[in-house]
Structure formats: C-alpha cells, structure tokens
Amino acid sequence: MSAGLQLGVIGSLALSVASSVAIVICNKALISTLGFPFATTLTSWHLMVTYCTLHVAQRLHFFEPKAVDGHTVILFGLLNGTSIGLLNLSLGFNSIGFYQMTKLAIIPFTVLLETIFLKKRFSETIKLSLMVLLLGVGIASVTDLKLNLLGSVLSGLAIATTCVGQILTNTIQKKLKVSSTQLLYQSAPYQAAILFATGPFVDQLLTNRSVFAHKYSTPVVAFIILSCLIAVSVNFSTFLVIGTTSPVTYQVLGHLKTCLVLSFGYTLLHDPFTMRNILGILVAIFGMGLYSWFSVRESKKKSTNDALPVSQMPDKETEPLLATKDNSDTKKANGVSHDC
C-alpha cells in the first residue's frame, strides 16, 4: 500500500469517526432534549440532503458521475434503505441490550458471508482480535437481553440486510470501478425514497406520534438542519471507508464510535457510567488495537509477497519443475479473493 493510499485510508477513517460521533451527539439532543423522536423520517431527510449536496458538487465538476447498471443501483439503494428501517424497528421492538447484541452480530455474520460466498480468508489472529473487540463492546454496552419473537425476526432481517448491503458497497466499487462518491450519488435517491415513503409509518408505529403533527420550533428546525449537514459527511465517509478498506473494518470502526459515544456521553452529558463500562471500553480498545496491528502486518506481508524482486523469480530453463509448480499455485490463488 502506497503512502498516499495509506493517508487516504487514515483520512477516511478519521472523517468517519468524527462525523459519526458528531451526529450522534446532535441527534441525541434533537431526540432526547428537544423531543423529536422520528429517527427513520430524519434519516430519509439526511439522504435527500446528501443527494442534493452531491448533485451540486457534480454540477460544479468536483467529481464526474459514472453510469452504473440501473437494476444494480436500484436494488442496492432499496436494500440499504430497508436495512436502516429494519434496524430502527429492531430497536423499537427489542430491549436496548438485545439491540446492541444485534449490532455485535453483524461482524461475525459478515465474516461468515464473505468466507462462504466471496472465498475470503480471515487469519486466526484477525478472528481472535475481533472476538476480543466484541467481548469488550458487549461488556460496555449490553445490559438486559429480553427476547420476543417479532423483535428477534426483525433483528435477524436487520443483520442480514446490513451485512449484504455493506458487502455490496465494497464489491460494487471494486468490480465496477466506481468511486464512493459516484456510488453514493447514484444510490442515495433510492435509499431516500424508500425511507421517505415508509419512515412516517415506521415512526408512528414506534412512537405513537405523527411526524406531520409535530410542532417544529426554531431550535428543532435548527438541529434538524445541522443533523442533515453532518449526515452528508457521515454518508460519504461510510462509502469511502467500506470502499477503501472492507465491511469488517467498517464495523470495527463502528464499535470504536460506540466506545467514543459512551465516553463523550459521560464526559459532556454526564450519563451514568460504571466500572463495567470502563472495563468494556478498555477491552474493546485493546481488541481494536490488535485488529489494526494484525491487519497492517498482514497487509505488509502480502505486499512483500506480491512484489518479489526479479532475481528471486525461478529460471524457466534451469528450473522447469519449479516453474510448473508456481503456475499451478497461481491458478489456485486466482480462484480465491484477496482480502480487501
């Protein structure tokens, strides 16, 4: 990985963390303090503002749009929009603890799907670091685990659609050679459309209140606008991170955000904080450190293997058997997808 690409990845990770933490704090104030509980409808507004912002940027030639197969974009956009709605429904019909377990289950399910369908290989050290991370986040955030059939079904659907959507985000960018900006620009209208159509009904079901009957005071409108502006950065950085790294790395980053939000909630908003929260956050950060270290080490090892000097290549005339073996190994390797 070149130095420029490394800086790009670090920048996308930093932007994702900063914007996500900012929007959580903004939405917490909007929902808890100002009494605007319509999260699904708010998300549809986020996506509409994101699309409008990208459209203006495209008209000003900040990026060039790239045509993508219509069926692919529509299905991709509807899938991502559906996953957002299902996650909100999962939160509404489950306890907080079970909802956190749903979010934790996304990582192992993503690893399973990529292993089965994309033939991607995860080393034992990577799996170990992910287990440590999930253990820490579980300790820090999971409290009660009340189960019910409807909530469990919604959580299962939310996990499946979220994992498939994030894997497709990475796969489409790689296979069709489109940038994160181009893919977001193409798919945002469809994500916004499905949430705009279903959001008010989902929110009515979860809150027993209508978004159309809500009293929109000046502070509420101001925080909605601020939330939408921050969401542009959140949506852009999400596609950027998944495209430049992998769906699993994005989920690891998401749990870092969870730890930061818990910490900011205690520091700035004086939310209740226990030794269990502190222990969980420390274990999670240790797991993230392990994941980062093992990922970088494996990336460097792979780069070294892919860039062997010419002097180390076998001589075809003097080592025909070795050359034949190398060609056979190469064919086998071509049937296995490399780690993103």
# chains A, B, ... in the order shown; residues from 1 in each chain; ligands from 1

$ residues_around --residues "segment 62-69 of chain A" --least-positions-apart "3" --cutoff "7 Å" --atoms "only C-alpha atoms" --output "PyMOL selection string"
chain A and resi 57-58+72-73+178+182

$ write_last_selection --atoms "C-alpha atoms" --output "PDB file, in the first residue's frame"
ATOM      1  CA  ALA A  57     -20.877  19.125  -6.313  1.00  0.00           C
ATOM      2  CA  GLN A  58     -21.254  17.210  -9.572  1.00  0.00           C
ATOM      3  CA  THR A  72     -27.953  -2.881  -9.633  1.00  0.00           C
ATOM      4  CA  VAL A  73     -28.242   0.658  -8.275  1.00  0.00           C
ATOM      5  CA  VAL A 178     -16.751   3.392  -9.295  1.00  0.00           C
ATOM      6  CA  GLN A 182     -20.165   8.079  -7.588  1.00  0.00           C
TER       7      GLN A 182
END

$ residues_around --residues "Leu184 of chain A" --least-positions-apart "4" --cutoff "7 Å" --atoms "only C-alpha atoms" --output "compact mmCIF listing (two decimals) with all heavy atoms, in the first residue's frame"
# COMPACT_ATOMS: atom_id res chain seq x y z
N SER A 180 -16.49 5.96 -4.24
CA SER A 180 -17.51 6.03 -3.20
C SER A 180 -18.50 7.16 -3.47
O SER A 180 -19.71 7.01 -3.27
CB SER A 180 -16.84 6.24 -1.83
OG SER A 180 -16.00 7.38 -1.85
N ALA A 188 -28.24 7.12 -3.48
CA ALA A 188 -28.90 7.90 -2.42
C ALA A 188 -30.37 8.19 -2.71
O ALA A 188 -31.20 8.12 -1.79
CB ALA A 188 -28.13 9.20 -2.18
N PHE A 239 -19.31 5.18 2.75
CA PHE A 239 -18.99 4.56 1.46
C PHE A 239 -17.48 4.58 1.23
O PHE A 239 -16.92 3.63 0.67
CB PHE A 239 -19.72 5.30 0.33
CG PHE A 239 -21.15 4.86 0.14
CD1 PHE A 239 -22.07 5.00 1.16
CD2 PHE A 239 -21.57 4.31 -1.05
CE1 PHE A 239 -23.39 4.60 1.00
CE2 PHE A 239 -22.89 3.91 -1.24
CZ PHE A 239 -23.80 4.05 -0.21

$ closest_residue --among "A:Gly243, A:Pro189, A:Gly81, A:Gly199" --to "Leu176 of chain A" --atoms "only C-alpha atoms"
A:Gly243

$ residues_around --residues "Ser155 of chain A" --least-positions-apart "2" --cutoff "10 Å" --atoms "only C-alpha atoms" --output "tab-separated table (two decimals) with C-alpha atoms, in the first residue's frame"
chain	number	residue	atom	x	y	z
A	86	LEU	CA	-35.21	-2.66	9.98
A	87	LEU	CA	-32.50	-1.52	12.42
A	88	ASN	CA	-34.84	1.18	13.72
A	89	LEU	CA	-37.68	-1.35	14.04
A	90	SER	CA	-35.32	-3.75	15.81
A	91	LEU	CA	-34.51	-1.04	18.34
A	93	PHE	CA	-39.33	-3.87	19.35
A	94	ASN	CA	-36.36	-5.09	21.41
A	98	PHE	CA	-30.74	-7.12	22.58
A	99	TYR	CA	-30.39	-4.31	20.03
A	101	MET	CA	-26.31	-7.72	20.54
A	102	THR	CA	-27.85	-7.36	17.07
A	103	LYS	CA	-25.21	-4.79	16.14
A	105	ALA	CA	-23.69	-9.95	15.46
A	149	LEU	CA	-40.39	-13.43	18.58
A	150	LEU	CA	-41.19	-10.34	16.49
A	151	GLY	CA	-38.13	-8.46	17.76
A	152	SER	CA	-35.89	-11.46	17.06
A	153	VAL	CA	-37.21	-11.79	13.48
A	157	LEU	CA	-33.58	-9.38	8.95
A	158	ALA	CA	-31.68	-6.24	10.01
A	159	ILE	CA	-28.43	-8.22	10.38
A	160	ALA	CA	-28.86	-9.93	7.00
A	161	THR	CA	-29.71	-6.77	5.03

$ select_by_dssp --residues "segment 102-250 of chain A" --states "alpha helix (DSSP H)" --output "VMD selection string"
chain A and resid 102 to 117 124 to 141 149 to 175 180 to 207 218 to 244 247 to 250

$ write_last_selection --atoms "C-alpha atoms" --output "short mmCIF file (atom, residue, chain, number, x, y, z; two decimals), in the first residue's frame"
data_model
loop_
_atom_site.label_atom_id
_atom_site.label_comp_id
_atom_site.auth_asym_id
_atom_site.auth_seq_id
_atom_site.Cartn_x
_atom_site.Cartn_y
_atom_site.Cartn_z
CA THR A 102 -27.85 -7.36 17.07
CA LYS A 103 -25.21 -4.79 16.14
CA LEU A 104 -22.46 -7.01 17.56
CA ALA A 105 -23.69 -9.95 15.46
CA ILE A 106 -23.07 -8.02 12.23
CA ILE A 107 -19.29 -8.62 12.33
CA PRO A 108 -19.30 -12.44 12.65
CA PHE A 109 -22.16 -12.68 10.14
CA THR A 110 -20.21 -10.52 7.66
CA VAL A 111 -17.12 -12.71 8.13
CA LEU A 112 -19.27 -15.80 7.52
CA LEU A 113 -20.85 -14.41 4.34
CA GLU A 114 -17.52 -13.23 2.90
CA THR A 115 -15.92 -16.59 3.68
CA ILE A 116 -18.72 -18.62 2.07
CA PHE A 117 -19.63 -16.52 -0.97
CA GLU A 124 -6.80 -16.83 13.17
CA THR A 125 -5.16 -13.69 14.61
CA ILE A 126 -7.77 -11.45 12.93
CA LYS A 127 -10.59 -13.65 14.26
CA LEU A 128 -9.07 -13.55 17.75
CA SER A 129 -8.82 -9.75 17.72
CA LEU A 130 -12.45 -9.49 16.56
CA MET A 131 -13.54 -11.75 19.43
CA VAL A 132 -11.71 -9.53 21.94
CA LEU A 133 -13.32 -6.43 20.41
CA LEU A 134 -16.83 -7.89 20.51
CA LEU A 135 -16.31 -9.06 24.09
CA GLY A 136 -15.31 -5.55 25.16
CA VAL A 137 -18.19 -3.80 23.40
CA GLY A 138 -20.57 -6.39 24.82
CA ILE A 139 -19.35 -5.76 28.36
CA ALA A 140 -19.60 -1.98 27.89
CA SER A 141 -22.98 -1.71 26.17
CA LEU A 149 -40.39 -13.43 18.58
CA LEU A 150 -41.19 -10.34 16.49
CA GLY A 151 -38.13 -8.46 17.76
CA SER A 152 -35.89 -11.46 17.06
CA VAL A 153 -37.21 -11.79 13.48
CA LEU A 154 -36.69 -8.06 12.85
CA SER A 155 -33.16 -8.28 14.26
CA GLY A 156 -32.34 -11.25 12.03
CA LEU A 157 -33.58 -9.38 8.95
CA ALA A 158 -31.68 -6.24 10.01
CA ILE A 159 -28.43 -8.22 10.38
CA ALA A 160 -28.86 -9.93 7.00
CA THR A 161 -29.71 -6.77 5.03
CA THR A 162 -26.99 -4.70 6.73
CA CYS A 163 -24.28 -7.29 6.07
CA VAL A 164 -25.29 -7.85 2.44
CA GLY A 165 -25.61 -4.10 1.85
CA GLN A 166 -22.13 -3.36 3.21
CA ILE A 167 -20.54 -6.24 1.31
CA LEU A 168 -22.19 -4.98 -1.88
CA THR A 169 -20.92 -1.45 -1.15
CA ASN A 170 -17.37 -2.81 -1.26
CA THR A 171 -17.94 -5.27 -4.12
CA ILE A 172 -19.68 -2.80 -6.46
CA GLN A 173 -16.92 -0.21 -6.02
CA LYS A 174 -14.23 -2.80 -6.73
CA LYS A 175 -15.92 -4.69 -9.58
CA SER A 180 -17.51 6.03 -3.20
CA THR A 181 -18.85 9.42 -4.29
CA GLN A 182 -20.16 8.08 -7.59
CA LEU A 183 -21.90 5.12 -5.94
CA LEU A 184 -23.45 7.24 -3.19
CA TYR A 185 -24.66 9.77 -5.78
CA GLN A 186 -26.33 7.03 -7.81
CA SER A 187 -27.93 5.14 -4.89
CA ALA A 188 -28.90 7.90 -2.42
CA PRO A 189 -32.19 8.81 -4.19
CA TYR A 190 -33.45 5.23 -3.90
CA GLN A 191 -32.40 4.94 -0.25
CA ALA A 192 -34.12 8.25 0.48
CA ALA A 193 -37.23 7.26 -1.47
CA ILE A 194 -37.94 4.05 0.43
CA LEU A 195 -37.32 5.73 3.80
CA PHE A 196 -39.31 8.83 2.83
CA ALA A 197 -42.26 6.59 1.91
CA THR A 198 -42.10 4.26 4.92
CA GLY A 199 -40.45 6.49 7.55
CA PRO A 200 -43.58 8.25 8.86
CA PHE A 201 -45.38 4.89 9.26
CA VAL A 202 -42.41 3.26 11.00
CA ASP A 203 -42.04 6.23 13.34
CA GLN A 204 -45.81 6.27 14.02
CA LEU A 205 -45.62 2.58 14.90
CA LEU A 206 -42.66 3.08 17.24
CA THR A 207 -43.67 6.35 18.94
CA THR A 218 -36.90 27.13 15.82
CA PRO A 219 -34.43 25.01 17.88
CA VAL A 220 -35.90 21.78 16.43
CA VAL A 221 -35.58 23.05 12.85
CA ALA A 222 -32.04 24.29 13.52
CA PHE A 223 -30.92 20.91 14.90
CA ILE A 224 -32.62 19.07 12.00
CA ILE A 225 -30.67 21.20 9.52
CA LEU A 226 -27.43 20.67 11.47
CA SER A 227 -28.08 16.93 11.61
CA CYS A 228 -28.68 16.79 7.85
CA LEU A 229 -25.47 18.69 7.12
CA ILE A 230 -23.41 16.38 9.33
CA ALA A 231 -25.12 13.39 7.69
CA VAL A 232 -23.60 14.36 4.33
CA SER A 233 -20.17 13.70 5.83
CA VAL A 234 -21.37 10.53 7.58
CA ASN A 235 -22.83 9.01 4.40
CA PHE A 236 -19.85 9.99 2.27
CA SER A 237 -17.29 8.65 4.76
CA THR A 238 -19.26 5.38 5.17
CA PHE A 239 -18.99 4.56 1.46
CA LEU A 240 -15.38 5.80 1.43
CA VAL A 241 -14.28 3.60 4.34
CA ILE A 242 -16.00 0.46 3.06
CA GLY A 243 -14.60 1.05 -0.42
CA THR A 244 -11.00 1.64 0.68
CA PRO A 247 -17.03 -4.17 5.52
CA VAL A 248 -15.45 -5.83 8.58
CA THR A 249 -13.07 -2.90 9.13
CA TYR A 250 -16.04 -0.53 8.89
#
